[in-house]
Structure formats: C-alpha cells, structure tokens
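Structure first, commentary second.
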Amino acid sequence: MSTAVETQLDLEKIRASFPALSREIHGKPVAYLDSAASSQRVEASLQAVDRYERRHHSNVHRGAHTLSAEATAAYEGARATVADFIGASDRNEVVFCRNATEAINIVARSWGETNLGEGDRVALTVMEHHSNIVPWQQLAERKGVEIEWIGLSENSQLDLDALDAALDKGVKLVGVTHLSNVLGTVDPLAEISRRAHAAGALVMADGAQAAPKLPLSVTDLDVDFYAMSGHKLYGPTGIGVLWARKDLLAEMPPFIGGGSMIKKVTQEGTTFADPPARFEAGTPPISQAIGLAAALRWLQGLGMDLVNAHEREITDYALKRLAEVPGLQVFGPAPSVDRVGPVSFVIEGIHPHDVAEILDRHAVAVRSGHHCAQPLMDYLGVPATTRASFAVHTDRSEIDRLIEGLLDARRVFKL
C-alpha cells in the first residue's frame, strides 16, 4: 500500500538508488531493517567516492598542483555541504572526524579536560548510547567529575523535572541523545538547551540517529555541540562530524597532535592552527567526507520534511502491525507521542538473538542485543531486545515481512 508521502517521495525510485536492496538472501529479496546500526549506501555517495578516487585523489591543503587543488576544493566543499545540512552559520564550525563516537570524545578530552575538575557535574540521560557515556565516565575517573543521571517519564520520554533537579545541582554540561537508538524517543533539544543555558550548562547532543530523519538546525536547537556519523546518513563509514560553536572551538586545545593541525613547529614548541584544522591532525578522511557530502545533497534533494513524514508513517505502521503479534512487548513512547525510527521489542519465550536469526531466514535484517545502551537495558529491566529500524527506503511490504517472520518465530518455538 502506498501513501501520499511515499508517492511524493517516489519510493520506487528511492529504493532503486540503493544497490544492496537488489540482493537476495536465502532466495528472498533483502528487507533491510537495521539502519540504526548502519544505513545502506546510496548510489550518489558511491559514485562520488569512485569519481574522486579515480580522477582527483591527492592530499589536501598546501599542495601546489592541480590534483591537490581539486581534492582540497572537494574536501572543503564537503564541509560547506555539512554546514548547510545542519543549519550551521559557519562551515569552520564543522570538524571532520571518524564518527559520532570520536566527535564526543573530542569534546570530553578537549573541552571537558580543560573546563571540568574535581566535584564538577555532568548530566547524562539513561537513554544514551555508550558513546555519550564512556568518555564522560573516563573523564570522571581522571578528574573527579561527578555524573548525574536523568531518568524517563512513564511514557519513555525524558523526565524534564529530573533534568531541572540535576541542573539545580550545578551541572556544567548535559549529554543528551537527540533520538534514542533503542526507544525512538525524540528529545526536545531546544527546550533542553533553554533550561541548560539558563542554569549555566552547555549541551552535548548525540545526533547520530536524528540527522538522517529530522529536519535539522543546530542554530534553532541552540545546542553547543552536535555529533553525527556518515554511516547512518547513507554515506561511508569512517567519517563523522563534530559541530561546535565557534567560540568554544577557539578555546579548546587539540585532541590529537601531528601534521595539519599546526601553525608553526619549532624545537621549543608548537602553535596550533585555528579550528577546524586544529582538530583534524594528519591526512583527513578525504574520500569519506566527499561521500558523506554527496549523500547529504541527495537527502536534501528529497526534502527532509518529506523524509521525516515518511519515516514517521512507516514507524506508526510498524507499531500497529507489531501490536498484532501475541506476546510481543514494544519499548518506547506510544505511537501518538513524538517518536520515529528504531522500534525495540521482546517476545515472551524467545531470546532476541533467536528472533533475529529466524528473521534472517526470511531475509529480514534486524539487530539484537543491548544496542550499546546497557544502562538503558538495566533501566528497562531486560538484558537485550530485538530492534527493527527504518530508513527513507523502507516500505510497508518490508514491515509485513517482519511480522510474518515474527509469527514464524512463534511457530518455531511452539508458542
């Protein structure tokens, strides 16, 4: 069944833009429902990388020859594309790194190491991916920083009263996911930023899951740091983005030392380059940045409002169909609440790994485990879940095949 949104998006054309979707597994076309772990690569991104590698490959910056100039223009053009996609006012606020994990580590190691000390507090939500937990725990071990945990409301949304209580204790930074990779909860970042700033705290937002699904403006969200990963955005692995306010970047020391991040090196010492070069030591991920930019331009060409509407429609349809499976419990907000994307669930009597293995027999790809969110699993009282996660190319027939596979799992386990 097609919707008006799908028609506007031309879902058939979109699906044809992803080569992996033409594969068959166990004699069946693949239904890829694991985009929260890593999205499929869009053809536009693959072609951009291939074109660069074949015709323009060279190292960037300072080269006097044509190939270097072409590579530099493409690399810095990719930075401008990212800035435009996230609504940044200045492309020099965009730092390229390996992934959202590295982006958050840069903040913890650079800003955190410089600005936080014994007894200072960082607030984290129980929804956080380990990427927005472990770096702060490591900082706590090194510097004596204390961590305040913010729980959830009854409907799996962030408890804003608990946020206020944490801020009242003098928290200096709030680490928060924009969109939970387990629950699909969309956190109200603009409101969180307003409350945090009123209390004198900064906001480190993990946007890895949100960036492919939501219209995005870091200016409107008023966050201080925003991280995202190319491999969630239909682009390459090995490329991520840290966006940060220019004034913060200017005050932060480099995280890694080496070439490209310096102004001058002498035997006596080193002076560092201005951001973003200060945080991009060594040869950067040139082809990956170019591939990411191509994927972002492709997404922008679709229109992020339409992308978001499609993903919400697919999420709602999945929640309705999953409610038909006996013994299945979905985690996260009710369908009427602000949620999109990942849907995590358990089936009574079947381990999540067994569910995923049986679904693979149906060529339905999902994820099982703790999803790098063990504190959230503890909070929910489960060791693991099965997670189906959707993308701009997901259609209703794939959700129907998911349900068929889940019913088959119940038959296999004689439930």
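All residue names refer to the structure tokens as shown: chains lettered A, B, ... in order, residues numbered from 1 in each chain, ligands numbered from 1 in order.
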
Could I get the residues of segment 350-414 of chain A with an atom no further than 12 Å from an atom of segment 134-141 of chain A, each paired with its nearest atom pair and that distance in Å to one decimal, using only C-alpha atoms, sorted by chain and residue number, as a Markdown table?
| residue | atom | partner | partner_atom | distance |
| --- | --- | --- | --- | --- |
| A:Cys372 | CA | A:Val134 | CA | 10.6 |
| A:Ala373 | CA | A:Val134 | CA | 10.8 |
| A:Gln374 | CA | A:Val134 | CA | 11.3 |
| A:Pro375 | CA | A:Val134 | CA | 11.2 |

Could the residues in this selection be written to a file with N, CA and C atoms, as a PDB file, in the first residue's frame?
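Dumped to part_18.pdb:
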ATOM      1  N   CYS A 372      24.437  -1.107  22.441  1.00  0.00           N
ATOM      2  CA  CYS A 372      25.366  -0.134  23.053  1.00  0.00           C
ATOM      3  C   CYS A 372      24.622   0.833  23.961  1.00  0.00           C
ATOM      4  N   ALA A 373      23.659   0.273  24.699  1.00  0.00           N
ATOM      5  CA  ALA A 373      22.867   1.095  25.628  1.00  0.00           C
ATOM      6  C   ALA A 373      22.552   0.269  26.873  1.00  0.00           C
ATOM      7  N   GLN A 374      23.587  -0.293  27.489  1.00  0.00           N
ATOM      8  CA  GLN A 374      23.366  -1.178  28.632  1.00  0.00           C
ATOM      9  C   GLN A 374      22.706  -0.495  29.826  1.00  0.00           C
ATOM     10  N   PRO A 375      23.053   0.768  30.160  1.00  0.00           N
ATOM     11  CA  PRO A 375      22.309   1.413  31.250  1.00  0.00           C
ATOM     12  C   PRO A 375      20.804   1.505  30.975  1.00  0.00           C
TER      13      PRO A 375
END

Show which residues sit within 7 Å of segment 277-286 of chain A, as an mmCIF file with N, CA and C atoms, in the first residue's frame. Count only C-alpha atoms, and ignore same-chain residues fewer than 2 positions away.
data_model
loop_
_atom_site.group_PDB
_atom_site.id
_atom_site.type_symbol
_atom_site.label_atom_id
_atom_site.label_comp_id
_atom_site.auth_asym_id
_atom_site.auth_seq_id
_atom_site.Cartn_x
_atom_site.Cartn_y
_atom_site.Cartn_z
ATOM 1 N N TYR A 75 37.031 18.550 -0.680
ATOM 2 C CA TYR A 75 37.001 18.305 0.772
ATOM 3 C C TYR A 75 36.392 19.491 1.501
ATOM 4 N N VAL A 95 33.836 20.108 12.199
ATOM 5 C CA VAL A 95 35.072 19.330 12.319
ATOM 6 C C VAL A 95 34.810 17.928 11.799
ATOM 7 N N PHE A 96 35.638 17.467 10.873
ATOM 8 C CA PHE A 96 35.524 16.089 10.400
ATOM 9 C C PHE A 96 36.322 15.161 11.309
ATOM 10 N N ILE A 239 33.680 8.310 8.697
ATOM 11 C CA ILE A 239 33.528 9.764 8.628
ATOM 12 C C ILE A 239 32.435 10.191 9.595
ATOM 13 N N PRO A 254 43.843 21.083 21.082
ATOM 14 C CA PRO A 254 43.702 19.939 20.177
ATOM 15 C C PRO A 254 43.632 18.623 20.951
ATOM 16 N N PHE A 255 42.994 17.671 20.337
ATOM 17 C CA PHE A 255 42.829 16.338 20.918
ATOM 18 C C PHE A 255 43.972 15.423 20.478
ATOM 19 N N ILE A 256 44.390 15.548 19.217
ATOM 20 C CA ILE A 256 45.471 14.739 18.651
ATOM 21 C C ILE A 256 46.473 15.682 17.995
ATOM 22 N N GLY A 257 47.776 15.405 18.213
ATOM 23 C CA GLY A 257 48.813 16.242 17.635
ATOM 24 C C GLY A 257 49.439 15.603 16.410
ATOM 25 N N GLY A 258 49.957 16.433 15.503
ATOM 26 C CA GLY A 258 50.615 15.929 14.311
ATOM 27 C C GLY A 258 50.618 16.961 13.201
ATOM 28 N N GLY A 259 50.588 16.469 11.964
ATOM 29 C CA GLY A 259 50.566 17.370 10.832
ATOM 30 C C GLY A 259 49.203 18.002 10.647
ATOM 31 N N SER A 260 49.182 19.097 9.933
ATOM 32 C CA SER A 260 47.967 19.794 9.501
ATOM 33 C C SER A 260 47.276 20.593 10.583
ATOM 34 N N MET A 261 47.515 20.265 11.869
ATOM 35 C CA MET A 261 46.798 20.974 12.930
ATOM 36 C C MET A 261 47.662 22.055 13.581
ATOM 37 N N ILE A 262 48.727 22.455 12.885
ATOM 38 C CA ILE A 262 49.684 23.394 13.475
ATOM 39 C C ILE A 262 49.790 24.678 12.656
ATOM 40 N N PHE A 272 49.227 26.176 17.453
ATOM 41 C CA PHE A 272 48.223 25.369 16.772
ATOM 42 C C PHE A 272 47.410 26.192 15.776
ATOM 43 N N ALA A 273 46.897 25.491 14.777
ATOM 44 C CA ALA A 273 46.059 26.120 13.763
ATOM 45 C C ALA A 273 44.712 26.510 14.357
ATOM 46 N N ASP A 274 44.022 27.379 13.677
ATOM 47 C CA ASP A 274 42.668 27.718 14.077
ATOM 48 C C ASP A 274 41.735 26.540 13.774
ATOM 49 N N PRO A 275 40.594 26.477 14.453
ATOM 50 C CA PRO A 275 39.599 25.451 14.100
ATOM 51 C C PRO A 275 39.081 25.707 12.693
ATOM 52 N N GLN A 288 35.919 9.908 2.228
ATOM 53 C CA GLN A 288 34.741 9.700 3.078
ATOM 54 C C GLN A 288 33.931 10.984 3.232
ATOM 55 N N ALA A 289 34.614 12.108 3.405
ATOM 56 C CA ALA A 289 33.903 13.385 3.514
ATOM 57 C C ALA A 289 33.168 13.702 2.222
ATOM 58 N N ILE A 290 33.811 13.414 1.096
ATOM 59 C CA ILE A 290 33.172 13.647 -0.201
ATOM 60 C C ILE A 290 31.954 12.745 -0.363
#

Checklist outcome for this item: For Leu402 of chain A, the closest of A:Arg121, A:Arg23, A:Arg51, A:Arg321 counting only C-alpha atoms is A:Arg321

Next on the checklist: DSSP on the backbone: which residues in segment 212-296 of chain A end up as helix (DSSP H, G or I)? Give the answer as a PyMOL selection string.
Outcome noted: chain A and resi 218-221+230-232+246-251+277-279+286-296

Checklist entry - Out of A:Lys213, A:His65, A:His370, A:His197, which residue has the shortest atom-to-atom distance to Val392 of chain A when counting only C-alpha atoms? => result A:Lys213

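From atom CA of Val307 of chain A back to atom CA of Pro212 of chain A, the distance works out to 8.4 Å.
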
Next on the checklist: Report as a PyMOL selection string all protein, DNA and RNA residues lying within 12 Å of Ala48 of chain A, evaluated on only C-alpha atoms, omitting residues in the same chain fewer than 6 positions from it.
Outcome noted: chain A and resi 41-42+54-57+74-75+78+235-236+286-298

Deliver the residues from the most recent selection as a file, using N, CA and C atoms, as a PDB file, in the first residue's frame.
ATOM      1  N   ARG A  41      24.307   2.260   1.623  1.00  0.00           N
ATOM      2  CA  ARG A  41      24.952   3.327   0.865  1.00  0.00           C
ATOM      3  C   ARG A  41      24.112   3.690  -0.351  1.00  0.00           C
ATOM      4  N   VAL A  42      23.849   4.984  -0.490  1.00  0.00           N
ATOM      5  CA  VAL A  42      23.112   5.456  -1.642  1.00  0.00           C
ATOM      6  C   VAL A  42      24.065   5.577  -2.837  1.00  0.00           C
ATOM      7  N   ARG A  54      39.237   7.889  -8.580  1.00  0.00           N
ATOM      8  CA  ARG A  54      39.751   7.631  -9.922  1.00  0.00           C
ATOM      9  C   ARG A  54      40.370   8.865 -10.580  1.00  0.00           C
ATOM     10  N   ARG A  55      39.860  10.057 -10.275  1.00  0.00           N
ATOM     11  CA  ARG A  55      40.260  11.240 -11.049  1.00  0.00           C
ATOM     12  C   ARG A  55      40.955  12.339 -10.240  1.00  0.00           C
ATOM     13  N   HIS A  56      40.686  12.419  -8.944  1.00  0.00           N
ATOM     14  CA  HIS A  56      41.144  13.588  -8.196  1.00  0.00           C
ATOM     15  C   HIS A  56      41.981  13.248  -6.968  1.00  0.00           C
ATOM     16  N   HIS A  57      42.231  11.972  -6.739  1.00  0.00           N
ATOM     17  CA  HIS A  57      42.876  11.577  -5.476  1.00  0.00           C
ATOM     18  C   HIS A  57      44.222  12.266  -5.278  1.00  0.00           C
ATOM     19  N   ALA A  74      37.140  19.844  -3.155  1.00  0.00           N
ATOM     20  CA  ALA A  74      36.075  18.874  -2.882  1.00  0.00           C
ATOM     21  C   ALA A  74      35.923  18.644  -1.389  1.00  0.00           C
ATOM     22  N   TYR A  75      37.031  18.550  -0.680  1.00  0.00           N
ATOM     23  CA  TYR A  75      37.001  18.305   0.772  1.00  0.00           C
ATOM     24  C   TYR A  75      36.392  19.491   1.501  1.00  0.00           C
ATOM     25  N   ALA A  78      32.795  19.729   0.869  1.00  0.00           N
ATOM     26  CA  ALA A  78      32.028  18.802   1.704  1.00  0.00           C
ATOM     27  C   ALA A  78      31.731  19.430   3.065  1.00  0.00           C
ATOM     28  N   GLY A 235      25.938   7.359   3.857  1.00  0.00           N
ATOM     29  CA  GLY A 235      27.272   7.634   3.360  1.00  0.00           C
ATOM     30  C   GLY A 235      28.269   6.605   3.846  1.00  0.00           C
ATOM     31  N   PRO A 236      29.563   6.908   3.734  1.00  0.00           N
ATOM     32  CA  PRO A 236      30.613   5.944   4.084  1.00  0.00           C
ATOM     33  C   PRO A 236      30.775   5.769   5.587  1.00  0.00           C
ATOM     34  N   ILE A 286      39.391  12.092   3.351  1.00  0.00           N
ATOM     35  CA  ILE A 286      39.000  12.919   2.208  1.00  0.00           C
ATOM     36  C   ILE A 286      37.859  12.287   1.417  1.00  0.00           C
ATOM     37  N   SER A 287      38.075  11.063   0.950  1.00  0.00           N
ATOM     38  CA  SER A 287      37.044  10.430   0.133  1.00  0.00           C
ATOM     39  C   SER A 287      35.769  10.214   0.938  1.00  0.00           C
ATOM     40  N   GLN A 288      35.919   9.908   2.228  1.00  0.00           N
ATOM     41  CA  GLN A 288      34.741   9.700   3.078  1.00  0.00           C
ATOM     42  C   GLN A 288      33.931  10.984   3.232  1.00  0.00           C
ATOM     43  N   ALA A 289      34.614  12.108   3.405  1.00  0.00           N
ATOM     44  CA  ALA A 289      33.903  13.385   3.514  1.00  0.00           C
ATOM     45  C   ALA A 289      33.168  13.702   2.222  1.00  0.00           C
ATOM     46  N   ILE A 290      33.811  13.414   1.096  1.00  0.00           N
ATOM     47  CA  ILE A 290      33.172  13.647  -0.201  1.00  0.00           C
ATOM     48  C   ILE A 290      31.954  12.745  -0.363  1.00  0.00           C
ATOM     49  N   GLY A 291      32.081  11.486   0.064  1.00  0.00           N
ATOM     50  CA  GLY A 291      30.942  10.564   0.005  1.00  0.00           C
ATOM     51  C   GLY A 291      29.810  10.977   0.913  1.00  0.00           C
ATOM     52  N   LEU A 292      30.136  11.471   2.103  1.00  0.00           N
ATOM     53  CA  LEU A 292      29.111  11.962   3.020  1.00  0.00           C
ATOM     54  C   LEU A 292      28.384  13.151   2.415  1.00  0.00           C
ATOM     55  N   ALA A 293      29.139  14.097   1.852  1.00  0.00           N
ATOM     56  CA  ALA A 293      28.512  15.287   1.270  1.00  0.00           C
ATOM     57  C   ALA A 293      27.555  14.914   0.145  1.00  0.00           C
ATOM     58  N   ALA A 294      27.942  13.940  -0.682  1.00  0.00           N
ATOM     59  CA  ALA A 294      27.059  13.512  -1.769  1.00  0.00           C
ATOM     60  C   ALA A 294      25.772  12.914  -1.226  1.00  0.00           C
ATOM     61  N   ALA A 295      25.874  12.129  -0.148  1.00  0.00           N
ATOM     62  CA  ALA A 295      24.683  11.548   0.469  1.00  0.00           C
ATOM     63  C   ALA A 295      23.778  12.643   1.040  1.00  0.00           C
ATOM     64  N   LEU A 296      24.378  13.658   1.652  1.00  0.00           N
ATOM     65  CA  LEU A 296      23.583  14.749   2.228  1.00  0.00           C
ATOM     66  C   LEU A 296      22.882  15.557   1.144  1.00  0.00           C
ATOM     67  N   ARG A 297      23.583  15.803   0.042  1.00  0.00           N
ATOM     68  CA  ARG A 297      22.941  16.528  -1.059  1.00  0.00           C
ATOM     69  C   ARG A 297      21.768  15.714  -1.616  1.00  0.00           C
ATOM     70  N   TRP A 298      21.941  14.398  -1.683  1.00  0.00           N
ATOM     71  CA  TRP A 298      20.860  13.532  -2.160  1.00  0.00           C
ATOM     72  C   TRP A 298      19.653  13.622  -1.216  1.00  0.00           C
TER      73      TRP A 298
END

Checklist entry - What is the atom CA of Glu348 of chain A to atom CA of Ala210 of chain A distance in Å? => result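 Separation between atom CA of Glu348 of chain A and atom CA of Ala210 of chain A: 29.9 Å.
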
Checklist entry - What lies within 9 Å of segment 377-389 of chain A using only C-alpha atoms, ignoring chain neighbours under 2 positions off, as a PyMOL selection string? => result chain A and resi 32-37+126+151+181-182+315+331+341-347+351-353+355-356+365-371+373-375+391+402

Please, could you write that set of residues out with N, CA and C atoms as a JSON list (two decimals), in the first residue's frame?
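Output contents, as saved in part-v2.json:
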[["chain", "number", "residue", "atom", "x", "y", "z"],
["A", 32, "TYR", "N", 15.94, -4.69, 4.58],
["A", 32, "TYR", "CA", 16.97, -4.16, 5.47],
["A", 32, "TYR", "C", 16.33, -3.26, 6.52],
["A", 33, "LEU", "N", 16.21, -3.80, 7.73],
["A", 33, "LEU", "CA", 15.60, -3.06, 8.84],
["A", 33, "LEU", "C", 16.62, -2.90, 9.97],
["A", 34, "ASP", "N", 17.83, -2.50, 9.59],
["A", 34, "ASP", "CA", 18.91, -2.32, 10.56],
["A", 34, "ASP", "C", 19.64, -1.01, 10.33],
["A", 35, "SER", "N", 18.92, 0.01, 9.90],
["A", 35, "SER", "CA", 19.56, 1.28, 9.56],
["A", 35, "SER", "C", 20.06, 2.04, 10.78],
["A", 36, "ALA", "N", 19.54, 1.72, 11.97],
["A", 36, "ALA", "CA", 20.04, 2.39, 13.17],
["A", 36, "ALA", "C", 21.46, 1.96, 13.49],
["A", 37, "ALA", "N", 21.84, 0.77, 13.04],
["A", 37, "ALA", "CA", 23.23, 0.32, 13.22],
["A", 37, "ALA", "C", 24.12, 0.91, 12.14],
["A", 126, "VAL", "N", 19.57, 8.32, 30.79],
["A", 126, "VAL", "CA", 19.70, 6.86, 30.77],
["A", 126, "VAL", "C", 19.51, 6.31, 29.37],
["A", 151, "GLY", "N", 16.44, 10.26, 34.41],
["A", 151, "GLY", "CA", 15.59, 9.14, 34.02],
["A", 151, "GLY", "C", 14.50, 9.53, 33.04],
["A", 181, "ASN", "N", 18.45, 5.49, 20.14],
["A", 181, "ASN", "CA", 18.67, 4.39, 19.21],
["A", 181, "ASN", "C", 17.94, 3.12, 19.63],
["A", 182, "VAL", "N", 17.32, 3.13, 20.79],
["A", 182, "VAL", "CA", 16.56, 1.99, 21.27],
["A", 182, "VAL", "C", 15.06, 2.28, 21.27],
["A", 315, "THR", "N", 7.05, 4.17, 10.83],
["A", 315, "THR", "CA", 7.14, 3.81, 12.25],
["A", 315, "THR", "C", 5.76, 3.54, 12.83],
["A", 331, "PHE", "N", 9.06, -1.37, 23.41],
["A", 331, "PHE", "CA", 9.56, -0.36, 24.33],
["A", 331, "PHE", "C", 9.57, 1.00, 23.63],
["A", 341, "GLY", "N", 11.59, 5.99, 13.88],
["A", 341, "GLY", "CA", 12.78, 5.19, 13.61],
["A", 341, "GLY", "C", 12.85, 3.88, 14.35],
["A", 342, "PRO", "N", 13.81, 3.71, 15.28],
["A", 342, "PRO", "CA", 14.02, 2.41, 15.90],
["A", 342, "PRO", "C", 12.82, 1.95, 16.71],
["A", 343, "VAL", "N", 12.48, 0.67, 16.57],
["A", 343, "VAL", "CA", 11.44, 0.05, 17.39],
["A", 343, "VAL", "C", 12.04, -1.20, 18.01],
["A", 344, "SER", "N", 12.18, -1.18, 19.33],
["A", 344, "SER", "CA", 12.76, -2.31, 20.06],
["A", 344, "SER", "C", 11.68, -3.08, 20.77],
["A", 345, "PHE", "N", 11.83, -4.41, 20.79],
["A", 345, "PHE", "CA", 10.77, -5.24, 21.37],
["A", 345, "PHE", "C", 11.35, -6.56, 21.87],
["A", 346, "VAL", "N", 10.56, -7.24, 22.68],
["A", 346, "VAL", "CA", 10.86, -8.61, 23.09],
["A", 346, "VAL", "C", 9.62, -9.45, 22.87],
["A", 347, "ILE", "N", 9.83, -10.73, 22.61],
["A", 347, "ILE", "CA", 8.73, -11.69, 22.51],
["A", 347, "ILE", "C", 8.89, -12.68, 23.65],
["A", 351, "HIS", "N", 14.45, -15.69, 22.94],
["A", 351, "HIS", "CA", 15.57, -14.76, 23.14],
["A", 351, "HIS", "C", 15.68, -13.85, 21.91],
["A", 352, "PRO", "N", 16.01, -12.57, 22.11],
["A", 352, "PRO", "CA", 16.14, -11.65, 20.97],
["A", 352, "PRO", "C", 17.09, -12.14, 19.89],
["A", 353, "HIS", "N", 18.18, -12.81, 20.26],
["A", 353, "HIS", "CA", 19.10, -13.32, 19.25],
["A", 353, "HIS", "C", 18.44, -14.39, 18.39],
["A", 355, "VAL", "N", 15.25, -14.54, 17.76],
["A", 355, "VAL", "CA", 14.31, -13.82, 16.89],
["A", 355, "VAL", "C", 15.04, -13.29, 15.66],
["A", 356, "ALA", "N", 16.20, -12.68, 15.88],
["A", 356, "ALA", "CA", 16.96, -12.11, 14.76],
["A", 356, "ALA", "C", 17.42, -13.20, 13.80],
["A", 365, "ALA", "N", 16.58, -8.25, 7.88],
["A", 365, "ALA", "CA", 17.77, -7.91, 8.68],
["A", 365, "ALA", "C", 17.37, -6.97, 9.82],
["A", 366, "VAL", "N", 17.55, -7.44, 11.06],
["A", 366, "VAL", "CA", 17.31, -6.61, 12.25],
["A", 366, "VAL", "C", 18.52, -6.75, 13.16],
["A", 367, "ARG", "N", 18.49, -6.07, 14.27],
["A", 367, "ARG", "CA", 19.58, -6.11, 15.24],
["A", 367, "ARG", "C", 19.05, -6.67, 16.55],
["A", 368, "SER", "N", 19.88, -7.45, 17.25],
["A", 368, "SER", "CA", 19.51, -7.92, 18.58],
["A", 368, "SER", "C", 20.68, -7.68, 19.53],
["A", 369, "GLY", "N", 20.36, -7.47, 20.80],
["A", 369, "GLY", "CA", 21.40, -7.22, 21.79],
["A", 369, "GLY", "C", 21.05, -6.03, 22.66],
["A", 370, "HIS", "N", 22.08, -5.41, 23.23],
["A", 370, "HIS", "CA", 21.84, -4.26, 24.11],
["A", 370, "HIS", "C", 21.99, -2.93, 23.37],
["A", 371, "HIS", "N", 22.40, -2.98, 22.10],
["A", 371, "HIS", "CA", 22.45, -1.80, 21.22],
["A", 371, "HIS", "C", 23.36, -0.70, 21.78],
["A", 373, "ALA", "N", 23.66, 0.27, 24.70],
["A", 373, "ALA", "CA", 22.87, 1.09, 25.63],
["A", 373, "ALA", "C", 22.55, 0.27, 26.87],
["A", 374, "GLN", "N", 23.59, -0.29, 27.49],
["A", 374, "GLN", "CA", 23.37, -1.18, 28.63],
["A", 374, "GLN", "C", 22.71, -0.49, 29.83],
["A", 375, "PRO", "N", 23.05, 0.77, 30.16],
["A", 375, "PRO", "CA", 22.31, 1.41, 31.25],
["A", 375, "PRO", "C", 20.80, 1.50, 30.98],
["A", 391, "ALA", "N", 14.30, 3.36, 7.41],
["A", 391, "ALA", "CA", 15.07, 4.33, 6.62],
["A", 391, "ALA", "C", 14.15, 4.96, 5.60],
["A", 402, "LEU", "N", 8.42, -8.52, 8.14],
["A", 402, "LEU", "CA", 8.87, -8.59, 9.52],
["A", 402, "LEU", "C", 7.85, -9.31, 10.38]]

Item to check | Nearest residue to Ile403 of chain A from the set A:Asn99, A:Leu322, A:Ala88, A:Ser180 (distances using only C-alpha atoms) | outcome: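 Among the listed residues, A:Leu322 lies closest to Ile403 of chain A.
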
Item to check | segment 360-396 of chain A: residues DSSP assigns to strand (DSSP E or B), reported as a VMD selection string | outcome: chain A and resid 364 to 365 367 to 369 385 to 389

Next on the checklist: Just the number, please: distance in Å from atom CA of Gly119 of chain A to atom CA of Arg142 of chain A, one decimal.
Outcome noted: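 Atom-to-atom, atom CA of Gly119 of chain A and atom CA of Arg142 of chain A are spaced 11.9 Å apart.
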
Item to check | Spatial neighbours of Ile14 of chain A, 12 Å, only C-alpha atoms, chain gap at least 5 places, as a PyMOL selection string | outcome: chain A and resi 6-9+19+21+40-44+234+298-299+301-302+307+391-395
